[in-house]
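Asker: My file is final-v4.cif. It has mmCIF, C-alpha atoms and all ligand atoms:
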```
data_target
#
loop_
_atom_site.label_atom_id
_atom_site.label_comp_id
_atom_site.auth_asym_id
_atom_site.auth_seq_id
_atom_site.Cartn_x
_atom_site.Cartn_y
_atom_site.Cartn_z
CA MET A 1 10.86 -15.61 -0.18
CA ILE A 2 8.85 -17.16 -3.02
CA LEU A 3 10.81 -19.73 -4.97
CA GLY A 4 10.34 -20.09 -8.73
CA LYS A 5 12.16 -22.26 -11.23
CA GLN A 6 14.87 -19.80 -12.27
CA VAL A 7 14.06 -16.89 -9.97
CA ARG A 8 12.98 -16.02 -6.46
CA LEU A 9 10.74 -13.19 -5.34
CA ARG A 10 11.05 -11.22 -2.11
CA PRO A 11 9.67 -7.96 -0.70
CA PRO A 12 11.67 -4.81 -1.54
CA GLU A 13 13.76 -3.19 1.19
CA ARG A 14 14.89 0.43 1.51
CA ASP A 15 18.43 -0.71 0.65
CA ASP A 16 17.18 -1.74 -2.83
CA LEU A 17 16.14 1.81 -3.75
CA PRO A 18 19.50 2.98 -5.17
CA ARG A 19 19.31 0.06 -7.63
CA PHE A 20 15.81 1.13 -8.66
CA VAL A 21 17.09 4.68 -9.24
CA GLN A 22 19.88 3.24 -11.40
CA TRP A 23 17.45 1.13 -13.47
CA PHE A 24 14.93 3.89 -14.10
CA GLY A 25 17.77 6.27 -14.93
CA ASP A 26 18.43 4.17 -18.03
CA PRO A 27 16.38 5.31 -21.09
CA ASP A 28 16.43 1.76 -22.51
CA VAL A 29 14.73 0.43 -19.36
CA ARG A 30 12.25 3.35 -19.23
CA ARG A 31 11.27 3.15 -22.92
CA HIS A 32 8.20 0.95 -22.48
CA LEU A 33 7.30 2.04 -18.95
CA THR A 34 5.05 4.87 -17.81
CA VAL A 35 8.18 6.39 -16.23
CA TYR A 36 9.38 9.13 -18.62
CA LEU A 37 11.91 10.90 -16.41
CA PRO A 38 14.68 9.51 -14.17
CA PHE A 39 13.91 9.44 -10.43
CA SER A 40 16.06 10.87 -7.68
CA LEU A 41 16.65 8.79 -4.58
CA ALA A 42 14.40 11.19 -2.63
CA GLN A 43 11.55 10.60 -5.14
CA GLU A 44 12.12 6.87 -4.99
CA GLU A 45 11.91 6.99 -1.19
CA HIS A 46 8.57 8.82 -1.36
CA TRP A 47 7.31 6.29 -3.90
CA PHE A 48 8.45 3.46 -1.62
CA GLU A 49 6.60 4.88 1.42
CA ALA A 50 3.39 5.11 -0.61
CA ALA A 51 3.93 1.64 -2.05
CA VAL A 52 4.35 0.09 1.40
CA GLN A 53 1.04 1.68 2.48
CA LYS A 54 -0.72 0.23 -0.57
CA VAL A 55 0.72 -3.21 0.15
CA GLU A 56 -0.49 -2.98 3.74
CA ARG A 57 -3.98 -2.00 2.53
CA ARG A 58 -3.85 -5.05 0.21
CA GLU A 59 -4.23 -2.79 -2.84
CA GLN A 60 -1.06 -4.11 -4.42
CA VAL A 61 1.71 -6.69 -4.25
CA LEU A 62 5.28 -5.55 -4.88
CA LEU A 63 8.25 -7.92 -5.05
CA CYS A 64 11.89 -7.90 -6.09
CA ILE A 65 13.08 -10.43 -8.66
CA GLU A 66 16.32 -12.22 -7.88
CA THR A 67 18.13 -14.91 -9.83
CA ALA A 68 18.44 -18.29 -8.11
CA GLU A 69 21.94 -17.12 -7.11
CA GLY A 70 20.51 -14.09 -5.30
CA GLU A 71 21.32 -11.32 -7.80
CA LEU A 72 18.72 -8.51 -7.77
CA ILE A 73 17.61 -8.00 -11.39
CA GLY A 74 14.16 -6.42 -11.34
CA ASN A 75 10.81 -5.97 -9.72
CA ILE A 76 7.29 -7.19 -10.34
CA GLY A 77 3.91 -6.33 -8.94
CA LEU A 78 0.17 -6.67 -8.98
CA HIS A 79 -1.60 -3.33 -8.91
CA ALA A 80 -5.16 -2.12 -8.65
CA ILE A 81 -6.15 -5.35 -6.96
CA ASP A 82 -9.94 -5.65 -7.11
CA TRP A 83 -11.07 -8.19 -4.55
CA LYS A 84 -14.68 -8.22 -5.80
CA GLU A 85 -13.89 -8.83 -9.49
CA ARG A 86 -10.85 -10.86 -8.41
CA SER A 87 -8.63 -9.09 -10.90
CA ALA A 88 -5.33 -7.22 -10.86
CA GLU A 89 -2.92 -5.54 -13.25
CA LEU A 90 0.58 -6.93 -13.59
CA GLY A 91 3.67 -4.76 -13.99
CA ILE A 92 7.24 -5.97 -14.42
CA THR A 93 10.68 -4.52 -15.00
CA ILE A 94 13.88 -6.46 -15.45
CA GLY A 95 16.14 -3.52 -14.67
CA GLU A 96 19.40 -5.31 -15.39
CA LYS A 97 19.52 -5.26 -19.19
CA ALA A 98 22.10 -8.07 -19.34
CA TYR A 99 19.34 -10.40 -18.15
CA TRP A 100 16.79 -9.54 -20.85
CA GLY A 101 15.65 -12.32 -23.15
CA GLN A 102 16.90 -15.18 -20.99
CA GLY A 103 13.63 -16.33 -19.53
CA TYR A 104 13.82 -14.47 -16.20
CA GLY A 105 10.82 -12.25 -16.92
CA GLY A 106 8.66 -15.21 -17.92
CA GLN A 107 9.68 -17.18 -14.85
CA ALA A 108 9.06 -14.24 -12.52
CA ILE A 109 5.57 -13.81 -14.00
CA ARG A 110 4.79 -17.52 -13.66
CA THR A 111 5.94 -17.43 -10.04
CA LEU A 112 3.74 -14.41 -9.29
CA LEU A 113 0.73 -15.87 -11.16
CA ASP A 114 1.02 -19.00 -9.05
CA VAL A 115 0.56 -16.81 -5.97
CA ALA A 116 -2.17 -14.72 -7.65
CA PHE A 117 -4.32 -17.70 -8.62
CA ARG A 118 -3.47 -20.29 -5.96
CA GLU A 119 -3.03 -18.12 -2.87
CA MET A 120 -4.80 -14.81 -3.51
CA ASN A 121 -7.68 -16.50 -5.32
CA LEU A 122 -7.66 -14.00 -8.19
CA HIS A 123 -9.52 -14.85 -11.40
CA ARG A 124 -7.96 -12.53 -13.99
CA VAL A 125 -4.58 -10.86 -14.31
CA PHE A 126 -4.16 -8.33 -17.09
CA LEU A 127 -1.42 -6.05 -18.34
CA ARG A 128 -0.87 -3.23 -20.78
CA VAL A 129 2.04 -3.43 -23.17
CA ASP A 130 3.21 -1.07 -25.91
CA ALA A 131 2.43 -2.58 -29.31
CA ASP A 132 6.09 -2.15 -30.31
CA ASN A 133 7.44 -3.91 -27.20
CA ALA A 134 8.11 -7.17 -29.07
CA ARG A 135 10.14 -8.76 -26.28
CA GLY A 136 7.47 -8.06 -23.72
CA ILE A 137 4.64 -9.37 -25.92
CA ARG A 138 6.56 -12.56 -26.74
CA CYS A 139 7.29 -13.07 -23.02
CA TYR A 140 3.61 -12.66 -22.04
CA GLU A 141 2.36 -14.92 -24.85
CA LYS A 142 4.75 -17.66 -23.73
CA VAL A 143 3.30 -17.49 -20.22
CA GLY A 144 -0.23 -17.78 -21.66
CA PHE A 145 -1.51 -14.21 -21.79
CA GLN A 146 -4.02 -13.57 -24.57
CA TRP A 147 -4.53 -10.40 -26.57
CA GLU A 148 -7.75 -8.65 -25.53
CA GLY A 149 -7.67 -5.46 -27.51
CA THR A 150 -5.75 -2.36 -28.46
CA TYR A 151 -5.89 1.18 -27.17
CA ARG A 152 -5.09 3.32 -30.23
CA ASP A 153 -2.46 6.07 -29.92
CA ALA A 154 -2.53 5.57 -26.17
CA VAL A 155 1.12 6.35 -25.48
CA PHE A 156 3.09 9.43 -26.51
CA ARG A 157 6.80 8.59 -26.63
CA GLU A 158 9.78 9.90 -28.58
CA GLY A 159 7.59 12.42 -30.38
CA THR A 160 4.94 10.03 -31.67
CA TYR A 161 1.86 8.19 -30.52
CA HIS A 162 1.96 4.42 -30.07
CA ASP A 163 -0.76 1.81 -29.69
CA GLN A 164 -0.97 -0.18 -26.49
CA HIS A 165 -2.29 -3.74 -26.20
CA VAL A 166 -4.24 -5.19 -23.30
CA MET A 167 -3.45 -8.84 -22.56
CA SER A 168 -4.83 -11.10 -19.86
CA ILE A 169 -4.70 -14.56 -18.40
CA LEU A 170 -7.49 -16.29 -16.45
CA GLU A 171 -6.98 -18.70 -13.59
CA THR A 172 -8.29 -21.55 -15.77
CA GLU A 173 -5.65 -20.82 -18.43
CA PHE A 174 -2.66 -20.79 -16.12
CA GLU A 175 -0.62 -23.97 -16.31
CA THR A 176 1.07 -24.45 -12.97
CA ASP A 177 2.91 -27.60 -14.08
CA GLU A 178 5.28 -25.37 -16.05
CA GLN A 179 6.73 -24.11 -12.75
C1 LIG B 1 9.61 -7.14 -20.93
C2 LIG B 1 10.45 -7.96 -19.96
C3 LIG B 1 9.78 -7.98 -18.58
C4 LIG B 1 10.54 -9.40 -20.46
O1 LIG B 1 11.39 -10.14 -19.60
P1 LIG B 1 12.55 -11.04 -20.28
O2 LIG B 1 13.23 -11.76 -19.19
O3 LIG B 1 13.39 -10.15 -21.13
O4 LIG B 1 11.64 -12.01 -21.18
P2 LIG B 1 11.83 -13.58 -21.47
O5 LIG B 1 13.27 -13.87 -21.71
O6 LIG B 1 11.11 -14.37 -20.44
O7 LIG B 1 10.99 -13.69 -22.84
C5 LIG B 1 11.31 -12.84 -23.93
C6 LIG B 1 11.06 -13.55 -25.23
O8 LIG B 1 11.13 -12.58 -26.28
C7 LIG B 1 12.19 -12.92 -27.17
N1 LIG B 1 12.80 -11.68 -27.60
C8 LIG B 1 13.86 -11.03 -27.08
N2 LIG B 1 14.09 -9.90 -27.75
C9 LIG B 1 13.14 -9.83 -28.71
C10 LIG B 1 12.83 -8.90 -29.73
N3 LIG B 1 13.55 -7.79 -29.89
N4 LIG B 1 11.77 -9.17 -30.52
C11 LIG B 1 11.02 -10.26 -30.35
N5 LIG B 1 11.25 -11.19 -29.40
C12 LIG B 1 12.30 -10.97 -28.59
C13 LIG B 1 13.12 -13.79 -26.36
O9 LIG B 1 13.91 -14.59 -27.22
C14 LIG B 1 12.09 -14.60 -25.57
O10 LIG B 1 11.41 -15.56 -26.36
P3 LIG B 1 11.92 -17.09 -26.49
O11 LIG B 1 11.98 -17.65 -25.10
O12 LIG B 1 10.89 -17.73 -27.36
O13 LIG B 1 13.27 -17.05 -27.11
C15 LIG B 1 11.91 -7.36 -19.82
O14 LIG B 1 12.58 -7.50 -21.05
C16 LIG B 1 11.91 -5.92 -19.36
O15 LIG B 1 11.75 -5.64 -18.19
N6 LIG B 1 12.10 -4.97 -20.29
C17 LIG B 1 12.20 -3.54 -19.98
C18 LIG B 1 10.95 -2.95 -19.31
C19 LIG B 1 9.66 -3.44 -19.94
O16 LIG B 1 9.51 -3.46 -21.13
N7 LIG B 1 8.73 -3.84 -19.05
C20 LIG B 1 7.43 -4.35 -19.46
C21 LIG B 1 6.47 -3.27 -19.74
S1 LIG B 1 4.87 -3.93 -20.24
#
```
Re-express the file's structure as structure tokens.
Ligand SMILES: CC(C)(COP(=O)(O)OP(=O)(O)OC[C@H]1O[C@@H](n2cnc3c(N)ncnc32)[C@H](O)[C@@H]1OP(=O)(O)O)[C@@H](O)C(=O)NCCC(=O)NCCS
Answerer:
Amino acid sequence: MILGKQVRLRPPERDDLPRFVQWFGDPDVRRHLTVYLPFSLAQEEHWFEAAVQKVERREQVLLCIETAEGELIGNIGLHAIDWKERSAELGITIGEKAYWGQGYGGQAIRTLLDVAFREMNLHRVFLRVDADNARGIRCYEKVGFQWEGTYRDAVFREGTYHDQHVMSILETEFETDEQ
């Protein structure tokens, strides 16, 4: 268990998978993710097996986000961990829509960045976010992520192309006292 201010992070268990299926079955949750079709439980189980292997090879970190009261609301991870460049890509989903816009995403990211910079000794954490994902962009800016650039027409969704921003935060920019 990793304790944050408003959230706690813990490794995913097989029992969590039906909740993941439920979240990614919701088009509103999927809209800004690379997931464009709902998953079956069997697909989710295959994904989980592969994810556990990647965690064991230290290629990624994958954690569930719970409220301080223990309610499972989402997941968060560091992917494509590059131990030479000391960089990784952050991904996050608050799957429970009722919890959007209440600070949980920001707190989960802060909690994970604390581990990334102060335990894993990473230097840079970046993410990709759809240019029209205003909630996501606002959340990342609040944490301290900076805009790096824009991939033009990088995402095809709902019949049209959308730009995607790259944002990043360096270890020197992360303010741990906000925890
Ligand atoms: C993106 C996501 C992780 C953000 O987490 P969150 O808990 O909702 O974000 P926070 O509450 O920490 O911060 C959101 C900020 O955006 C603001 N906001 C909410 N809706 C908004 C909107 N439609 N437009 C602009 N800002 C908005 C909130 O008010 C808050 O800012 P504030 O604290 O200044 O008021 C979460 O909403 C989510 O998982 N969404 C669905 C999947 C997704 O988009 N994943 C990310 C892919 S890059």
Asker: Identify which of the residues A:Val35, A:Leu78, A:Ala42, A:Leu112 lies closest to Trp23 (chain A), counting all atoms listed in the file when measuring atom-to-atom distances.
Answerer: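 The shortest atom-to-atom distance to Trp23 (chain A) comes from A:Val35.
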Asker: Expressed in Å to a single decimal, how great is the separation between CA of Gln164 (chain A) and CA of Ile137 (chain A)?
Answerer: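 Rounded to one decimal, the two atoms are 10.8 Å apart.
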Asker: Could you give me the centre and size, in Å to one decimal, of an axis-aligned box around all listed atoms of ligand LIG 1 (chain B) with 6 Å added on every side, as JSON?
Answerer:
```
{"center_x": 9.5, "center_y": -10.3, "center_z": -24.4, "size_x": 21.2, "size_y": 26.8, "size_z": 24.3}
```
Asker: Taking all atoms listed in the file into account, name the residue in A:Gly70, A:Gly25, A:Pro11, A:Pro18 that is nearest to Glu45 (chain A).
Answerer: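 Nearest candidate to Glu45 (chain A) out of A:Gly70, A:Gly25, A:Pro11, A:Pro18: A:Pro18.
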Asker: List every protein, DNA or RNA residue with an atom no more than 12 Å from (19.7, -16.2, -4.2) in the file's coordinates, counting all atoms listed in the file, and format the result as a PyMOL selection string.
Answerer: chain A and resi 1-10+64-73
Asker: Would you mind listing, for every residue of chain A within 7 Å of ligand LIG 1 (chain B), the two atoms forming the shortest contact and the distance between them in Å to one decimal, using only C-alpha atoms and all ligand atoms, sorted by chain and ascending residue number, as JSON lines?
Answerer:
```
{"residue": "A:Val29", "atom": "CA", "partner": "B:LIG1", "partner_atom": "C17", "distance": 4.7}
{"residue": "A:Arg30", "atom": "CA", "partner": "B:LIG1", "partner_atom": "C18", "distance": 6.4}
{"residue": "A:His32", "atom": "CA", "partner": "B:LIG1", "partner_atom": "O16", "distance": 4.8}
{"residue": "A:Leu33", "atom": "CA", "partner": "B:LIG1", "partner_atom": "C21", "distance": 5.4}
{"residue": "A:Gly91", "atom": "CA", "partner": "B:LIG1", "partner_atom": "S1", "distance": 6.4}
{"residue": "A:Ile92", "atom": "CA", "partner": "B:LIG1", "partner_atom": "C3", "distance": 5.3}
{"residue": "A:Thr93", "atom": "CA", "partner": "B:LIG1", "partner_atom": "O15", "distance": 3.5}
{"residue": "A:Ile94", "atom": "CA", "partner": "B:LIG1", "partner_atom": "O15", "distance": 3.6}
{"residue": "A:Gly95", "atom": "CA", "partner": "B:LIG1", "partner_atom": "O15", "distance": 6.0}
{"residue": "A:Tyr99", "atom": "CA", "partner": "B:LIG1", "partner_atom": "O2", "distance": 6.3}
{"residue": "A:Trp100", "atom": "CA", "partner": "B:LIG1", "partner_atom": "O3", "distance": 3.5}
{"residue": "A:Gly101", "atom": "CA", "partner": "B:LIG1", "partner_atom": "O5", "distance": 3.2}
{"residue": "A:Gln102", "atom": "CA", "partner": "B:LIG1", "partner_atom": "O5", "distance": 3.9}
{"residue": "A:Gly103", "atom": "CA", "partner": "B:LIG1", "partner_atom": "O5", "distance": 3.3}
{"residue": "A:Tyr104", "atom": "CA", "partner": "B:LIG1", "partner_atom": "O2", "distance": 4.1}
{"residue": "A:Gly105", "atom": "CA", "partner": "B:LIG1", "partner_atom": "O2", "distance": 3.3}
{"residue": "A:Gly106", "atom": "CA", "partner": "B:LIG1", "partner_atom": "O6", "distance": 3.6}
{"residue": "A:Gln107", "atom": "CA", "partner": "B:LIG1", "partner_atom": "O6", "distance": 6.4}
{"residue": "A:Leu127", "atom": "CA", "partner": "B:LIG1", "partner_atom": "S1", "distance": 6.9}
{"residue": "A:Arg128", "atom": "CA", "partner": "B:LIG1", "partner_atom": "S1", "distance": 5.8}
{"residue": "A:Val129", "atom": "CA", "partner": "B:LIG1", "partner_atom": "S1", "distance": 4.1}
{"residue": "A:Asp130", "atom": "CA", "partner": "B:LIG1", "partner_atom": "S1", "distance": 6.6}
{"residue": "A:Asn133", "atom": "CA", "partner": "B:LIG1", "partner_atom": "O16", "distance": 6.4}
{"residue": "A:Ala134", "atom": "CA", "partner": "B:LIG1", "partner_atom": "N4", "distance": 4.4}
{"residue": "A:Arg135", "atom": "CA", "partner": "B:LIG1", "partner_atom": "C12", "distance": 3.9}
{"residue": "A:Gly136", "atom": "CA", "partner": "B:LIG1", "partner_atom": "C1", "distance": 3.6}
{"residue": "A:Arg138", "atom": "CA", "partner": "B:LIG1", "partner_atom": "O8", "distance": 4.6}
{"residue": "A:Cys139", "atom": "CA", "partner": "B:LIG1", "partner_atom": "O7", "distance": 3.8}
```
Asker: Nearest residue to His46 (chain A) out of A:Lys97, A:Leu17, A:Thr160, A:Ser168, using only C-alpha atoms?
Answerer: A:Leu17
Asker: Residues at most 12 Å from Ser87 (chain A), counting all atoms listed in the file, excluding those fewer than 2 positions away in the same chain, as a ChimeraX atom specification?
Answerer: /A:59-60,78-85,89-90,113,116-117,120-127,168-171
Asker: Go through A:Asp153, A:Glu141, A:Glu96, A:Asp132 and flag the residue nearest Asp28 (chain A), using only C-alpha atoms for the distances.
Answerer: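 Of all the options, A:Glu96 lies closest to Asp28 (chain A).
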Asker: As an exercise, work out the distance from CA of Gln22 (chain A) to CA of Ala51 (chain A) in Å and give it to one decimal place.
Answerer: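 Interatomic distance, CA of Gln22 (chain A) to CA of Ala51 (chain A): 18.6 Å.
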Asker: I'd like the interatomic distance between CA of Thr172 (chain A) and CA of Ala88 (chain A), to a tenth of an Å.
Answerer: 15.4 Å
Asker: List as a PyMOL selection string: which residues have an atom within 6 Å of (-6.2, -5.5, -23.6), counting all atoms listed in the file?
Answerer: chain A and resi 147-150+165-167
Asker: If we count only C-alpha atoms and set the cut-off at 12 Å, which residues sit around Gln43 (chain A), ignoring sequence neighbours fewer than 4 positions away in its own chain? Please answer as a PyMOL selection string.
Answerer: chain A and resi 17-18+20-21+24+37-39+47-50
Asker: For Ala108 (chain A), which of A:Gly159, A:Tyr151, A:Glu13, A:Leu63 is the closest residue, counting all atoms listed in the file?
Answerer: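 So, comparing all the options, the nearest one is A:Leu63.
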Asker: From the list A:Asp163, A:Asp15, A:Glu119, A:Glu173, which residue is nearest Val143 (chain A) when using only C-alpha atoms?
Answerer: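 Closest to Val143 (chain A), using only C-alpha atoms: A:Glu173.
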Asker: Some atoms are missing, so please complete region 63-92 of chain A with N, CA and C atoms and return it as a short mmCIF file (atom, residue, chain, number, x, y, z; two decimals), in the frame of the given file.
Answerer:
```cif
data_model
loop_
_atom_site.label_atom_id
_atom_site.label_comp_id
_atom_site.auth_asym_id
_atom_site.auth_seq_id
_atom_site.Cartn_x
_atom_site.Cartn_y
_atom_site.Cartn_z
N LEU A 63 7.18 -6.98 -5.39
CA LEU A 63 8.25 -7.92 -5.05
C LEU A 63 9.48 -7.67 -5.91
N CYS A 64 10.64 -7.94 -5.33
CA CYS A 64 11.89 -7.90 -6.09
C CYS A 64 12.11 -9.25 -6.76
N ILE A 65 12.73 -9.20 -7.94
CA ILE A 65 13.08 -10.43 -8.66
C ILE A 65 14.57 -10.65 -8.48
N GLU A 66 14.91 -11.83 -7.98
CA GLU A 66 16.32 -12.22 -7.88
C GLU A 66 16.54 -13.48 -8.71
N THR A 67 17.76 -13.63 -9.21
CA THR A 67 18.13 -14.91 -9.83
C THR A 67 18.21 -15.96 -8.71
N ALA A 68 18.30 -17.22 -9.11
CA ALA A 68 18.44 -18.29 -8.11
C ALA A 68 19.70 -18.09 -7.27
N GLU A 69 20.68 -17.37 -7.83
CA GLU A 69 21.94 -17.12 -7.11
C GLU A 69 21.83 -15.90 -6.19
N GLY A 70 20.70 -15.21 -6.21
CA GLY A 70 20.51 -14.09 -5.30
C GLY A 70 20.84 -12.73 -5.86
N GLU A 71 21.05 -12.62 -7.18
CA GLU A 71 21.32 -11.32 -7.80
C GLU A 71 20.01 -10.58 -8.04
N LEU A 72 19.92 -9.34 -7.56
CA LEU A 72 18.72 -8.51 -7.77
C LEU A 72 18.68 -8.02 -9.21
N ILE A 73 17.63 -8.37 -9.96
CA ILE A 73 17.61 -8.00 -11.39
C ILE A 73 16.36 -7.21 -11.79
N GLY A 74 15.36 -7.14 -10.92
CA GLY A 74 14.16 -6.42 -11.34
C GLY A 74 13.09 -6.42 -10.27
N ASN A 75 11.94 -5.88 -10.64
CA ASN A 75 10.81 -5.97 -9.72
C ASN A 75 9.52 -6.27 -10.49
N ILE A 76 8.54 -6.72 -9.74
CA ILE A 76 7.29 -7.19 -10.34
C ILE A 76 6.17 -6.90 -9.35
N GLY A 77 4.99 -6.62 -9.87
CA GLY A 77 3.91 -6.33 -8.94
C GLY A 77 2.53 -6.59 -9.51
N LEU A 78 1.58 -6.65 -8.62
CA LEU A 78 0.17 -6.67 -8.98
C LEU A 78 -0.43 -5.39 -8.43
N HIS A 79 -1.08 -4.64 -9.30
CA HIS A 79 -1.60 -3.33 -8.91
C HIS A 79 -3.11 -3.30 -9.09
N ALA A 80 -3.71 -2.28 -8.51
CA ALA A 80 -5.16 -2.12 -8.65
C ALA A 80 -5.89 -3.43 -8.37
N ILE A 81 -5.51 -4.07 -7.29
CA ILE A 81 -6.15 -5.35 -6.96
C ILE A 81 -7.62 -5.08 -6.63
N ASP A 82 -8.50 -5.79 -7.33
CA ASP A 82 -9.94 -5.65 -7.11
C ASP A 82 -10.45 -6.97 -6.53
N TRP A 83 -10.73 -6.94 -5.24
CA TRP A 83 -11.07 -8.19 -4.55
C TRP A 83 -12.47 -8.66 -4.88
N LYS A 84 -13.34 -7.78 -5.40
CA LYS A 84 -14.68 -8.22 -5.80
C LYS A 84 -14.63 -8.91 -7.17
N GLU A 85 -13.98 -8.23 -8.15
CA GLU A 85 -13.89 -8.83 -9.49
C GLU A 85 -12.80 -9.88 -9.55
N ARG A 86 -11.99 -9.93 -8.51
CA ARG A 86 -10.85 -10.86 -8.41
C ARG A 86 -9.90 -10.65 -9.59
N SER A 87 -9.54 -9.41 -9.80
CA SER A 87 -8.63 -9.09 -10.90
C SER A 87 -7.53 -8.15 -10.42
N ALA A 88 -6.44 -8.12 -11.17
CA ALA A 88 -5.33 -7.22 -10.86
C ALA A 88 -4.53 -6.98 -12.12
N GLU A 89 -3.77 -5.87 -12.12
CA GLU A 89 -2.92 -5.54 -13.25
C GLU A 89 -1.46 -5.84 -12.91
N LEU A 90 -0.81 -6.54 -13.82
CA LEU A 90 0.58 -6.93 -13.59
C LEU A 90 1.54 -5.91 -14.20
N GLY A 91 2.59 -5.59 -13.47
CA GLY A 91 3.67 -4.76 -13.99
C GLY A 91 5.00 -5.43 -13.70
N ILE A 92 5.94 -5.32 -14.63
CA ILE A 92 7.24 -5.97 -14.42
C ILE A 92 8.34 -5.15 -15.08
#
```
